[in-house]
file input-v2.cif (mmCIF, C-alpha atoms and all ligand atoms)
data_run
loop_
_atom_site.label_atom_id
_atom_site.label_comp_id
_atom_site.auth_asym_id
_atom_site.auth_seq_id
_atom_site.Cartn_x
_atom_site.Cartn_y
_atom_site.Cartn_z
CA MET A 242 60.12 40.50 105.30
CA GLY A 243 62.45 43.55 105.60
CA PHE A 244 62.46 46.23 108.26
CA PRO A 245 59.93 49.01 108.72
CA PRO A 246 61.19 52.61 108.51
CA PRO A 247 62.25 54.02 111.90
CA VAL A 248 59.54 55.66 114.03
CA SER A 249 59.85 59.46 113.97
CA LYS A 250 61.11 61.05 117.19
CA ASP A 251 57.82 62.69 118.13
CA ARG A 252 56.11 59.29 118.06
CA VAL A 253 58.45 57.79 120.66
CA ILE A 254 56.60 57.71 123.99
CA THR A 255 58.80 56.92 126.96
CA LYS A 256 56.78 58.62 129.69
CA TYR A 257 53.11 57.91 130.39
CA PRO A 258 51.29 60.91 128.87
CA LYS A 259 49.02 62.95 131.13
CA GLY A 260 45.29 63.39 130.48
CA TYR A 261 43.68 66.75 129.69
CA GLY A 262 43.14 67.52 133.38
CA PRO A 263 42.01 65.98 136.66
CA GLN A 264 38.30 66.53 135.95
CA ALA A 265 38.50 65.39 132.36
CA SER A 266 39.41 61.80 133.02
CA LEU A 267 38.34 58.87 135.14
CA GLN A 268 41.86 57.55 134.95
CA LEU A 269 44.41 59.50 136.97
CA LYS A 270 47.33 57.11 137.10
CA GLU A 271 50.71 58.53 136.21
CA ASP A 272 52.53 55.52 134.82
CA TRP A 273 51.97 52.20 133.07
CA SER A 274 51.27 49.30 135.42
CA LEU A 275 54.19 47.14 136.55
CA GLN A 276 52.73 44.27 134.56
CA THR A 277 52.66 46.39 131.40
CA LYS A 278 56.24 47.56 131.90
CA ALA A 279 57.50 44.03 132.55
CA SER A 280 55.69 42.73 129.48
CA CYS A 281 57.08 45.55 127.30
CA GLN A 282 60.62 44.94 128.53
CA ASP A 283 60.23 41.27 127.80
CA ARG A 284 58.93 41.93 124.27
CA ALA A 285 61.64 44.51 123.56
CA ALA A 286 64.30 42.00 124.67
CA ARG A 287 62.84 39.32 122.39
CA ASN A 288 62.82 41.78 119.48
CA GLN A 289 59.69 40.36 117.87
CA PRO A 290 59.30 40.62 114.07
CA TRP A 291 57.63 43.89 113.09
CA ASP A 292 54.73 42.18 111.36
CA ARG A 293 53.73 40.74 114.75
CA GLN A 294 53.80 44.09 116.53
CA LYS A 295 50.88 45.41 118.48
CA MET A 296 48.20 47.36 116.69
CA SER A 297 44.96 49.00 117.82
CA LYS A 298 42.02 50.29 115.86
CA ALA A 299 40.48 53.65 116.74
CA VAL A 300 37.30 54.92 115.08
CA VAL A 301 36.51 58.62 115.00
CA VAL A 302 32.77 59.42 114.94
CA GLY A 303 30.61 62.53 115.27
CA ASP A 304 28.35 64.95 113.40
CA LEU A 305 29.25 66.23 109.97
CA ASN A 306 31.51 69.27 109.85
CA VAL A 307 32.73 68.93 113.47
CA GLY A 308 36.35 68.55 112.34
CA LYS A 309 37.12 64.80 112.41
CA THR A 310 39.12 64.78 109.18
CA CYS A 311 40.99 67.95 110.12
CA LEU A 312 41.92 66.48 113.50
CA ILE A 313 43.35 63.34 111.90
CA ASN A 314 45.10 65.30 109.15
CA ARG A 315 46.70 67.66 111.64
CA PHE A 316 48.12 64.71 113.55
CA CYS A 317 49.10 62.43 110.67
CA LYS A 318 50.15 64.99 108.04
CA ASP A 319 50.54 68.22 110.02
CA VAL A 320 48.21 70.11 107.67
CA PHE A 321 44.99 72.09 108.12
CA HIS A 322 42.45 72.82 105.37
CA ARG A 323 39.93 75.64 105.80
CA ASP A 324 37.56 74.29 103.16
CA TYR A 325 35.03 71.66 104.10
CA LYS A 326 35.08 68.50 102.02
CA ALA A 327 32.71 65.84 103.28
CA THR A 328 34.13 62.40 104.03
CA ILE A 329 32.42 59.82 101.88
CA GLY A 330 32.10 56.59 103.82
CA VAL A 331 35.40 55.96 105.59
CA ASP A 332 39.15 56.21 105.28
CA PHE A 333 42.01 55.43 107.58
CA GLU A 334 45.58 56.31 108.46
CA ILE A 335 48.12 54.19 110.28
CA GLU A 336 50.47 55.96 112.68
CA ARG A 337 53.48 54.12 114.01
CA PHE A 338 54.70 54.73 117.55
CA GLU A 339 57.23 53.33 119.91
CA VAL A 340 55.51 53.06 123.28
CA ALA A 341 57.38 51.99 126.42
CA GLY A 342 60.11 50.55 124.22
CA ILE A 343 58.00 48.49 121.84
CA PRO A 344 56.64 49.23 118.38
CA PHE A 345 52.94 49.99 118.31
CA SER A 346 50.62 51.07 115.51
CA LEU A 347 47.42 53.00 115.83
CA GLN A 348 44.99 52.67 112.99
CA ILE A 349 42.80 55.78 112.94
CA TRP A 350 39.52 55.46 111.05
CA ASP A 351 37.90 58.64 109.81
CA THR A 352 34.15 58.16 109.30
CA ALA A 353 31.52 60.25 107.57
CA GLY A 354 29.23 62.35 109.74
CA GLN A 355 26.64 62.79 106.99
CA GLU A 356 23.55 60.68 107.56
CA LYS A 357 23.51 59.34 103.99
CA PHE A 358 26.99 57.81 104.38
CA LYS A 359 26.42 56.39 107.84
CA CYS A 360 25.63 52.87 106.70
CA ILE A 361 28.97 52.62 104.93
CA ALA A 362 30.89 54.01 107.87
CA SER A 363 29.22 51.91 110.56
CA ALA A 364 30.28 48.72 108.78
CA TYR A 365 33.85 49.61 109.79
CA TYR A 366 33.24 50.13 113.53
CA ARG A 367 33.86 46.41 114.08
CA GLY A 368 36.96 45.53 116.08
CA ALA A 369 37.59 49.04 117.40
CA GLN A 370 39.40 49.14 120.69
CA VAL A 371 39.14 52.93 120.89
CA ILE A 372 36.09 55.09 120.11
CA ILE A 373 36.75 58.80 119.67
CA THR A 374 33.51 60.79 119.69
CA VAL A 375 34.04 64.27 118.34
CA PHE A 376 32.00 67.46 118.71
CA ASP A 377 32.45 71.07 117.69
CA MET A 378 33.01 73.26 120.76
CA ALA A 379 31.38 76.15 118.91
CA ASP A 380 28.21 74.12 118.23
CA ILE A 381 26.76 72.77 121.44
CA LYS A 382 24.17 70.62 119.62
CA SER A 383 26.98 68.45 118.35
CA LEU A 384 27.90 67.68 121.97
CA ASP A 385 24.37 66.39 122.65
CA HIS A 386 24.64 64.14 119.61
CA THR A 387 27.81 62.41 120.85
CA ARG A 388 25.70 60.19 123.12
CA GLN A 389 23.96 58.74 120.08
CA TRP A 390 27.22 58.39 118.11
CA LEU A 391 28.82 56.49 120.96
CA SER A 392 25.91 54.13 121.45
CA GLU A 393 25.81 53.32 117.73
CA ALA A 394 29.56 52.75 117.61
CA MET A 395 29.39 50.45 120.65
CA ARG A 396 26.50 48.51 119.17
CA GLU A 397 28.12 47.93 115.78
CA ASN A 398 31.52 47.27 117.29
CA GLU A 399 30.40 44.25 119.33
CA ALA A 400 33.45 44.57 121.62
CA GLU A 401 32.96 43.83 125.30
CA SER A 402 34.64 47.05 126.33
CA CYS A 403 36.23 50.02 124.59
CA LEU A 404 38.37 52.99 125.48
CA VAL A 405 36.18 56.04 125.03
CA TYR A 406 37.32 59.60 124.31
CA LEU A 407 35.20 62.72 123.91
CA VAL A 408 37.02 65.34 121.88
CA GLY A 409 35.89 68.94 121.50
CA THR A 410 37.38 70.55 118.38
CA LYS A 411 37.78 74.16 117.19
CA SER A 412 38.86 75.43 120.62
CA ASP A 413 40.44 78.35 118.74
CA LEU A 414 36.95 79.77 117.99
CA LEU A 415 35.87 80.23 121.62
CA SER A 416 36.37 83.05 124.11
CA VAL A 417 37.83 82.08 127.49
CA GLU A 418 34.37 82.18 129.11
CA GLU A 419 32.71 80.17 126.34
CA ARG A 420 35.46 77.61 126.48
CA GLN A 421 35.12 77.21 130.23
CA ARG A 422 31.35 76.71 130.00
CA THR A 423 31.61 74.23 127.14
CA GLU A 424 34.36 72.28 128.88
CA GLU A 425 32.22 71.94 132.01
CA ASP A 426 29.35 70.49 129.95
CA ALA A 427 31.71 68.23 128.04
CA MET A 428 33.33 66.88 131.19
CA LYS A 429 29.88 65.90 132.50
CA MET A 430 29.17 64.13 129.22
CA ALA A 431 32.56 62.37 129.30
CA ALA A 432 31.89 61.13 132.84
CA GLU A 433 28.51 59.80 131.71
CA MET A 434 30.23 58.01 128.83
CA GLN A 435 32.96 56.72 131.16
CA GLY A 436 35.39 58.37 128.82
CA GLU A 437 38.05 61.04 128.82
CA PHE A 438 37.56 64.59 127.59
CA TRP A 439 40.03 66.62 125.49
CA ALA A 440 39.73 70.09 123.94
CA VAL A 441 41.78 70.49 120.76
CA SER A 442 42.24 72.71 117.74
CA ALA A 443 43.27 71.28 114.40
CA LYS A 444 43.77 74.85 113.20
CA SER A 445 46.33 75.86 115.82
CA GLY A 446 47.45 72.30 116.60
CA GLU A 447 46.65 72.78 120.30
CA ASN A 448 46.64 69.44 122.15
CA VAL A 449 46.43 67.34 118.98
CA SER A 450 49.59 65.33 119.37
CA GLU A 451 49.21 65.24 123.18
CA PHE A 452 45.79 63.68 122.66
CA PHE A 453 46.90 60.98 120.21
CA SER A 454 49.98 60.16 122.31
CA ARG A 455 47.70 59.60 125.27
CA VAL A 456 45.44 57.36 123.17
CA ALA A 457 48.43 55.32 121.96
CA ALA A 458 49.87 54.88 125.47
CA VAL A 459 46.54 53.85 127.00
CA ALA A 460 45.64 51.56 124.09
CA LEU A 461 49.02 49.83 124.23
CA GLU A 462 48.53 49.10 127.92
CA ASP A 463 45.00 47.86 127.30
CA THR A 464 46.32 45.52 124.58
CA VAL A 465 49.14 44.19 126.74
CA LEU A 466 46.79 43.48 129.65
CA ARG A 467 44.22 41.83 127.38
CA ASP A 468 46.96 39.63 125.92
CA ALA A 469 48.01 38.62 129.41
CA GLU A 470 44.42 37.61 130.16
CA GLY A 471 43.46 36.03 126.86
CA GLY A 472 46.77 34.70 125.54
CA ALA A 473 49.13 36.38 123.10
CA ALA A 474 46.86 35.64 120.16
CA THR A 475 44.47 38.52 120.93
CA SER A 476 46.32 41.48 119.48
CA ILE A 477 47.70 39.49 116.57
CA ALA A 478 44.22 38.28 115.69
CA GLN A 479 43.06 41.87 115.95
CA ALA A 480 45.87 43.04 113.67
CA ASN A 481 44.83 40.43 111.15
CA SER A 482 41.23 41.56 111.26
CA ILE A 483 42.40 45.15 110.73
CA ARG A 484 44.39 44.08 107.68
CA SER A 485 41.32 42.36 106.30
CA ASP A 486 39.37 45.58 106.92
CA ARG A 487 41.80 47.40 104.62
CA ALA A 488 41.32 44.76 101.93
CA ASP A 489 37.59 45.05 102.45
CA LEU A 490 37.73 48.83 102.15
CA GLU A 491 39.64 48.60 98.89
CA GLU A 492 37.73 45.71 97.39
CA ARG A 493 34.19 46.14 98.69
CA PRO A 494 31.99 46.37 95.63
CA LYS A 495 31.01 49.87 94.55
CA GLU A 496 27.34 48.91 94.72
CA MET A 497 27.44 49.13 98.52
CA LYS A 498 28.09 52.84 98.18
CA SER A 499 25.36 53.31 95.63
CA ASN A 500 22.85 51.25 97.65
CA CYS A 501 23.59 53.24 100.75
CA CYS A 502 23.54 56.69 99.36
N1 LIG A 601 38.54 77.18 113.27
C1 LIG A 601 38.64 75.86 113.13
N2 LIG A 601 38.01 75.25 112.10
C2 LIG A 601 38.14 73.90 112.00
C3 LIG A 601 38.88 73.13 112.93
N3 LIG A 601 38.80 71.84 112.58
C4 LIG A 601 38.04 71.81 111.46
N4 LIG A 601 37.65 73.04 111.11
C5 LIG A 601 36.82 73.39 109.94
O1 LIG A 601 35.59 72.70 110.06
C6 LIG A 601 35.14 72.24 108.76
C7 LIG A 601 34.85 70.76 108.80
O2 LIG A 601 36.01 70.02 109.04
P1 LIG A 601 36.13 68.47 108.66
O3 LIG A 601 37.34 67.95 109.35
O4 LIG A 601 36.06 68.27 107.21
O5 LIG A 601 34.79 67.88 109.33
P2 LIG A 601 34.32 66.36 109.44
O6 LIG A 601 33.84 66.16 110.83
O7 LIG A 601 35.40 65.43 108.99
O8 LIG A 601 33.08 66.31 108.44
P3 LIG A 601 32.42 65.02 107.69
O9 LIG A 601 33.49 64.42 106.83
O10 LIG A 601 31.29 65.52 106.89
O11 LIG A 601 31.95 64.08 108.74
C8 LIG A 601 36.24 72.64 107.77
O12 LIG A 601 35.85 73.81 107.10
C9 LIG A 601 37.46 72.90 108.64
O13 LIG A 601 38.33 73.86 108.11
C10 LIG A 601 39.53 73.82 114.01
O14 LIG A 601 40.20 73.26 114.88
N5 LIG A 601 39.36 75.19 114.06
#
call {"tool": "encode", "arguments": {"input": "input-v2.cif", "output": "structure tokens"}}
result
Amino acid sequence: MGFPPPVSKDRVITKYPKGYGPQASLQLKEDWSLQTKASCQDRAARNQPWDRQKMSKAVVVGDLNVGKTCLINRFCKDVFHRDYKATIGVDFEIERFEVAGIPFSLQIWDTAGQEKFKCIASAYYRGAQVIITVFDMADIKSLDHTRQWLSEAMRENEAESCLVYLVGTKSDLLSVEERQRTEEDAMKMAAEMQGEFWAVSAKSGENVSEFFSRVAAVALEDTVLRDAEGGAATSIAQANSIRSDRADLEERPKEMKSNCC
């Protein structure tokens, strides 16, 4: 089976990461629950094989051109491209973390915002524990559309509950006043979605790794608590379904793309 490569230092999360701000989140706690910490200590002591480690699926949705791919690329590869290249269908990256002492992987699915590719992308919403709805802070219409993106993602996903994030990108393009106004509107939308708001810039890197660290820490806790409720099989079953998603993505016949588009 072998050992996985070590997790890079900036993916080791020992302290519960803060949210974007007190008004941006419904969840203001400052640490993992005692149950989560006890469970993590227990798992770390048992040193479980890496192929049975916890994994969560996050899907990133939103209008075309809002900056979904750039956000993921900034976090996973630390690059930023100025030129727009539309995502065709879906793609994903896996980022490995160590959270509260245990290995944890976040699978981040980048989906196409273009209408003609939507039917490919929505087939991959299934099994997502985290839904990240993205809008462009310099294009207020894209904020209005996040409601629709979230409801479609929830419908296709079929999960009972999800962790919801509303992310405003391109914060570097706004003046202080514009940013303040847009953030106020976005925080209202996030509250309506029962989600958490973040403002980021893939160009400058502002808040990108803080955001994904927060997602990883919250998702790990959610997974641990679900396991405690539903038996240890939950996250392993989920990891298996994620693996089969990858196989599906690679093997799905080309005709699906041509039928859709
Ligand atoms: N100034 C600025 N431009 C950005 C930022 N993020 C993305 N962009 C630009 O916005 C355009 C679209 O970015 P993408 O990440 O490709 O958008 P997308 O949402 O993935 O688009 P689809 O794949 O069509 O759904 C590109 O030209 C990027 O350079 C940012 O933080 N600041």
call {"tool": "closest_residue", "arguments": {"input": "input-v2.cif", "among": "A:Gln294, A:Ser445, A:Ser346, A:Ser402", "to": "ligand LIG 601 (chain A)", "atoms": "only C-alpha atoms and all ligand atoms"}}
result
A:Ser445
call {"tool": "residues_around", "arguments": {"input": "input-v2.cif", "residues": "Ile254 (chain A)", "least_positions_apart": "2", "cutoff": "7 Å", "atoms": "all atoms listed in the file", "output": "list in words"}}
result
Arg252, Lys256, Glu339, Val340 and Ala341 of chain A
call {"tool": "closest_atom_pairs", "arguments": {"input": "input-v2.cif", "of": "chain A", "to": "ligand LIG 601 (chain A)", "cutoff": "7 Å", "atoms": "all atoms listed in the file", "output": "Markdown table"}}
result
| residue | atom | partner | partner_atom | distance |
| --- | --- | --- | --- | --- |
| A:Gly303 | CA | A:LIG601 | O6 | 6.6 |
| A:Asp304 | CA | A:LIG601 | O11 | 6.0 |
| A:Leu305 | CA | A:LIG601 | O11 | 3.7 |
| A:Asn306 | CA | A:LIG601 | O5 | 3.6 |
| A:Val307 | CA | A:LIG601 | O6 | 4.0 |
| A:Gly308 | CA | A:LIG601 | O3 | 3.2 |
| A:Lys309 | CA | A:LIG601 | O7 | 3.9 |
| A:Thr310 | CA | A:LIG601 | O3 | 3.6 |
| A:Cys311 | CA | A:LIG601 | O3 | 3.7 |
| A:Leu312 | CA | A:LIG601 | N3 | 6.3 |
| A:Phe321 | CA | A:LIG601 | O13 | 6.9 |
| A:His322 | CA | A:LIG601 | O13 | 5.1 |
| A:Arg323 | CA | A:LIG601 | O13 | 3.3 |
| A:Asp324 | CA | A:LIG601 | O12 | 4.3 |
| A:Tyr325 | CA | A:LIG601 | O12 | 3.8 |
| A:Lys326 | CA | A:LIG601 | O4 | 5.3 |
| A:Ala327 | CA | A:LIG601 | O10 | 3.9 |
| A:Thr328 | CA | A:LIG601 | O9 | 3.5 |
| A:Ile329 | CA | A:LIG601 | O9 | 6.8 |
| A:Thr352 | CA | A:LIG601 | O11 | 6.3 |
| A:Ala353 | CA | A:LIG601 | O11 | 4.0 |
| A:Gly354 | CA | A:LIG601 | O11 | 3.4 |
| A:Gln355 | CA | A:LIG601 | O10 | 5.4 |
| A:Thr410 | CA | A:LIG601 | O14 | 5.2 |
| A:Lys411 | CA | A:LIG601 | O14 | 3.5 |
| A:Ser412 | CA | A:LIG601 | O14 | 6.3 |
| A:Asp413 | CA | A:LIG601 | N5 | 5.7 |
| A:Leu414 | CA | A:LIG601 | N1 | 5.6 |
| A:Val441 | CA | A:LIG601 | O14 | 6.7 |
| A:Ser442 | CA | A:LIG601 | O14 | 3.6 |
| A:Ala443 | CA | A:LIG601 | O14 | 3.7 |
| A:Lys444 | CA | A:LIG601 | O14 | 4.3 |
| A:Ser445 | CA | A:LIG601 | O14 | 6.7 |
call {"tool": "atom_distance", "arguments": {"input": "input-v2.cif", "atom1": "CA of Gln348 (chain A)", "atom2": "CA of Asp468 (chain A)"}}
result
18.5 Å
call {"tool": "closest_residue", "arguments": {"input": "input-v2.cif", "among": "A:Val456, A:Val320, A:Ala299, A:Val371", "to": "Lys259 (chain A)", "atoms": "all atoms listed in the file"}}
result
A:Val456
call {"tool": "closest_residue", "arguments": {"input": "input-v2.cif", "among": "A:Tyr365, A:Phe376, A:Trp350, A:Trp390", "to": "Val300 (chain A)", "atoms": "all atoms listed in the file"}}
result
A:Trp350
call {"tool": "atom_distance", "arguments": {"input": "input-v2.cif", "atom1": "CA of Asp272 (chain A)", "atom2": "CA of Ala469 (chain A)"}}
result
18.3 Å
call {"tool": "atom_distance", "arguments": {"input": "input-v2.cif", "atom1": "CA of Asp251 (chain A)", "atom2": "CA of Arg337 (chain A)"}}
result
10.5 Å
call {"tool": "residues_around", "arguments": {"input": "input-v2.cif", "residues": "Glu424 (chain A)", "least_positions_apart": "5", "cutoff": "9 Å", "atoms": "only C-alpha atoms", "output": "ChimeraX atom specification"}}
result
/A:265,378,409,419,429,438-440
call {"tool": "closest_residue", "arguments": {"input": "input-v2.cif", "among": "A:Tyr406, A:Arg467, A:Asp283, A:Gln276", "to": "Ala432 (chain A)", "atoms": "only C-alpha atoms"}}
result
A:Tyr406
call {"tool": "axis_aligned_box", "arguments": {"input": "input-v2.cif", "around": "region 410-414 of chain A", "padding_each_side": "3 Å", "output": "AutoDock Vina command-line options"}}
result
--center_x 38.7 --center_y 75.2 --center_z 118.9 --size_x 9.5 --size_y 15.2 --size_z 9.4
call {"tool": "residues_around", "arguments": {"input": "input-v2.cif", "residues": "Asp385 (chain A)", "least_positions_apart": "6", "cutoff": "10 Å", "atoms": "only C-alpha atoms", "output": "number ranges by chain"}}
result
A: 376, 426-427, 430
call {"tool": "closest_residue", "arguments": {"input": "input-v2.cif", "among": "A:Glu470, A:Gln435, A:Asn448, A:Leu461", "to": "Ser274 (chain A)", "atoms": "only C-alpha atoms"}}
result
A:Leu461
call {"tool": "closest_residue", "arguments": {"input": "input-v2.cif", "among": "A:Ala364, A:Ile335, A:Cys317, A:Leu407", "to": "Ser450 (chain A)", "atoms": "all atoms listed in the file"}}
result
A:Cys317
call {"tool": "decode", "arguments": {"input": "input-v2.cif", "residues": "region 258-343 of chain A", "atoms": "C-alpha atoms", "output": "PDB file, in the first residue's frame"}}
result
ATOM      1  CA  PRO A 258      -9.486  28.696  11.676  1.00  0.00           C
ATOM      2  CA  LYS A 259     -11.586  31.828  12.108  1.00  0.00           C
ATOM      3  CA  GLY A 260     -14.375  32.810   9.700  1.00  0.00           C
ATOM      4  CA  TYR A 261     -14.280  35.956   7.554  1.00  0.00           C
ATOM      5  CA  GLY A 262     -15.891  38.046  10.296  1.00  0.00           C
ATOM      6  CA  PRO A 263     -18.644  38.024  12.904  1.00  0.00           C
ATOM      7  CA  GLN A 264     -21.356  39.079  10.434  1.00  0.00           C
ATOM      8  CA  ALA A 265     -20.208  36.759   7.697  1.00  0.00           C
ATOM      9  CA  SER A 266     -20.932  33.509   9.451  1.00  0.00           C
ATOM     10  CA  LEU A 267     -23.684  31.794  11.383  1.00  0.00           C
ATOM     11  CA  GLN A 268     -21.056  29.770  13.159  1.00  0.00           C
ATOM     12  CA  LEU A 269     -18.971  31.697  15.677  1.00  0.00           C
ATOM     13  CA  LYS A 270     -17.354  28.925  17.669  1.00  0.00           C
ATOM     14  CA  GLU A 271     -13.624  29.184  18.199  1.00  0.00           C
ATOM     15  CA  ASP A 272     -12.585  25.566  18.508  1.00  0.00           C
ATOM     16  CA  TRP A 273     -13.544  22.047  17.455  1.00  0.00           C
ATOM     17  CA  SER A 274     -16.053  20.365  19.747  1.00  0.00           C
ATOM     18  CA  LEU A 275     -14.745  18.155  22.553  1.00  0.00           C
ATOM     19  CA  GLN A 276     -16.234  15.154  20.773  1.00  0.00           C
ATOM     20  CA  THR A 277     -14.337  16.009  17.585  1.00  0.00           C
ATOM     21  CA  LYS A 278     -11.060  16.476  19.445  1.00  0.00           C
ATOM     22  CA  ALA A 279     -11.459  13.209  21.344  1.00  0.00           C
ATOM     23  CA  SER A 280     -12.281  11.352  18.143  1.00  0.00           C
ATOM     24  CA  CYS A 281      -9.279  12.870  16.329  1.00  0.00           C
ATOM     25  CA  GLN A 282      -6.934  11.980  19.182  1.00  0.00           C
ATOM     26  CA  ASP A 283      -8.262   8.453  19.152  1.00  0.00           C
ATOM     27  CA  ARG A 284      -7.793   8.117  15.377  1.00  0.00           C
ATOM     28  CA  ALA A 285      -4.308   9.646  15.495  1.00  0.00           C
ATOM     29  CA  ALA A 286      -3.331   7.156  18.235  1.00  0.00           C
ATOM     30  CA  ARG A 287      -4.636   4.244  16.161  1.00  0.00           C
ATOM     31  CA  ASN A 288      -2.674   5.480  13.137  1.00  0.00           C
ATOM     32  CA  GLN A 289      -5.235   4.311  10.585  1.00  0.00           C
ATOM     33  CA  PRO A 290      -4.017   3.319   7.101  1.00  0.00           C
ATOM     34  CA  TRP A 291      -3.929   6.317   4.775  1.00  0.00           C
ATOM     35  CA  ASP A 292      -6.349   4.794   2.295  1.00  0.00           C
ATOM     36  CA  ARG A 293      -9.006   4.868   5.030  1.00  0.00           C
ATOM     37  CA  GLN A 294      -8.455   8.522   5.873  1.00  0.00           C
ATOM     38  CA  LYS A 295     -11.245  11.037   5.893  1.00  0.00           C
ATOM     39  CA  MET A 296     -12.177  12.771   2.680  1.00  0.00           C
ATOM     40  CA  SER A 297     -14.802  15.365   1.773  1.00  0.00           C
ATOM     41  CA  LYS A 298     -16.122  16.497  -1.565  1.00  0.00           C
ATOM     42  CA  ALA A 299     -16.610  20.206  -2.248  1.00  0.00           C
ATOM     43  CA  VAL A 300     -18.248  21.480  -5.435  1.00  0.00           C
ATOM     44  CA  VAL A 301     -17.608  24.998  -6.667  1.00  0.00           C
ATOM     45  CA  VAL A 302     -20.505  26.520  -8.643  1.00  0.00           C
ATOM     46  CA  GLY A 303     -21.396  29.939 -10.038  1.00  0.00           C
ATOM     47  CA  ASP A 304     -21.772  31.993 -13.224  1.00  0.00           C
ATOM     48  CA  LEU A 305     -19.242  31.774 -16.009  1.00  0.00           C
ATOM     49  CA  ASN A 306     -16.205  34.020 -15.692  1.00  0.00           C
ATOM     50  CA  VAL A 307     -16.662  34.701 -11.951  1.00  0.00           C
ATOM     51  CA  GLY A 308     -13.264  33.176 -11.133  1.00  0.00           C
ATOM     52  CA  LYS A 309     -13.941  29.611  -9.906  1.00  0.00           C
ATOM     53  CA  THR A 310     -10.997  28.039 -11.732  1.00  0.00           C
ATOM     54  CA  CYS A 311      -8.654  30.862 -10.722  1.00  0.00           C
ATOM     55  CA  LEU A 312      -9.668  30.490  -7.074  1.00  0.00           C
ATOM     56  CA  ILE A 313      -8.920  26.755  -7.108  1.00  0.00           C
ATOM     57  CA  ASN A 314      -5.694  27.216  -9.056  1.00  0.00           C
ATOM     58  CA  ARG A 315      -4.457  29.884  -6.677  1.00  0.00           C
ATOM     59  CA  PHE A 316      -5.001  27.542  -3.738  1.00  0.00           C
ATOM     60  CA  CYS A 317      -3.848  24.249  -5.262  1.00  0.00           C
ATOM     61  CA  LYS A 318      -1.052  25.453  -7.561  1.00  0.00           C
ATOM     62  CA  ASP A 319      -0.360  29.005  -6.371  1.00  0.00           C
ATOM     63  CA  VAL A 320      -0.791  30.418  -9.884  1.00  0.00           C
ATOM     64  CA  PHE A 321      -3.026  33.076 -11.436  1.00  0.00           C
ATOM     65  CA  HIS A 322      -3.889  33.347 -15.141  1.00  0.00           C
ATOM     66  CA  ARG A 323      -5.228  36.609 -16.560  1.00  0.00           C
ATOM     67  CA  ASP A 324      -6.717  34.987 -19.648  1.00  0.00           C
ATOM     68  CA  TYR A 325     -10.151  33.456 -19.473  1.00  0.00           C
ATOM     69  CA  LYS A 326     -10.408  29.839 -20.557  1.00  0.00           C
ATOM     70  CA  ALA A 327     -13.854  28.359 -20.026  1.00  0.00           C
ATOM     71  CA  THR A 328     -14.118  25.173 -17.982  1.00  0.00           C
ATOM     72  CA  ILE A 329     -15.658  22.441 -20.084  1.00  0.00           C
ATOM     73  CA  GLY A 330     -17.803  20.228 -17.883  1.00  0.00           C
ATOM     74  CA  VAL A 331     -15.874  19.554 -14.683  1.00  0.00           C
ATOM     75  CA  ASP A 332     -12.465  18.865 -13.232  1.00  0.00           C
ATOM     76  CA  PHE A 333     -11.167  18.330  -9.745  1.00  0.00           C
ATOM     77  CA  GLU A 334      -8.148  18.669  -7.506  1.00  0.00           C
ATOM     78  CA  ILE A 335      -7.409  16.814  -4.303  1.00  0.00           C
ATOM     79  CA  GLU A 336      -5.706  18.745  -1.517  1.00  0.00           C
ATOM     80  CA  ARG A 337      -4.281  16.875   1.429  1.00  0.00           C
ATOM     81  CA  PHE A 338      -4.382  18.399   4.904  1.00  0.00           C
ATOM     82  CA  GLU A 339      -3.606  17.389   8.413  1.00  0.00           C
ATOM     83  CA  VAL A 340      -6.463  18.674  10.548  1.00  0.00           C
ATOM     84  CA  ALA A 341      -6.448  18.381  14.347  1.00  0.00           C
ATOM     85  CA  GLY A 342      -3.759  15.715  14.053  1.00  0.00           C
ATOM     86  CA  ILE A 343      -5.372  13.465  11.465  1.00  0.00           C
TER      87      ILE A 343
END
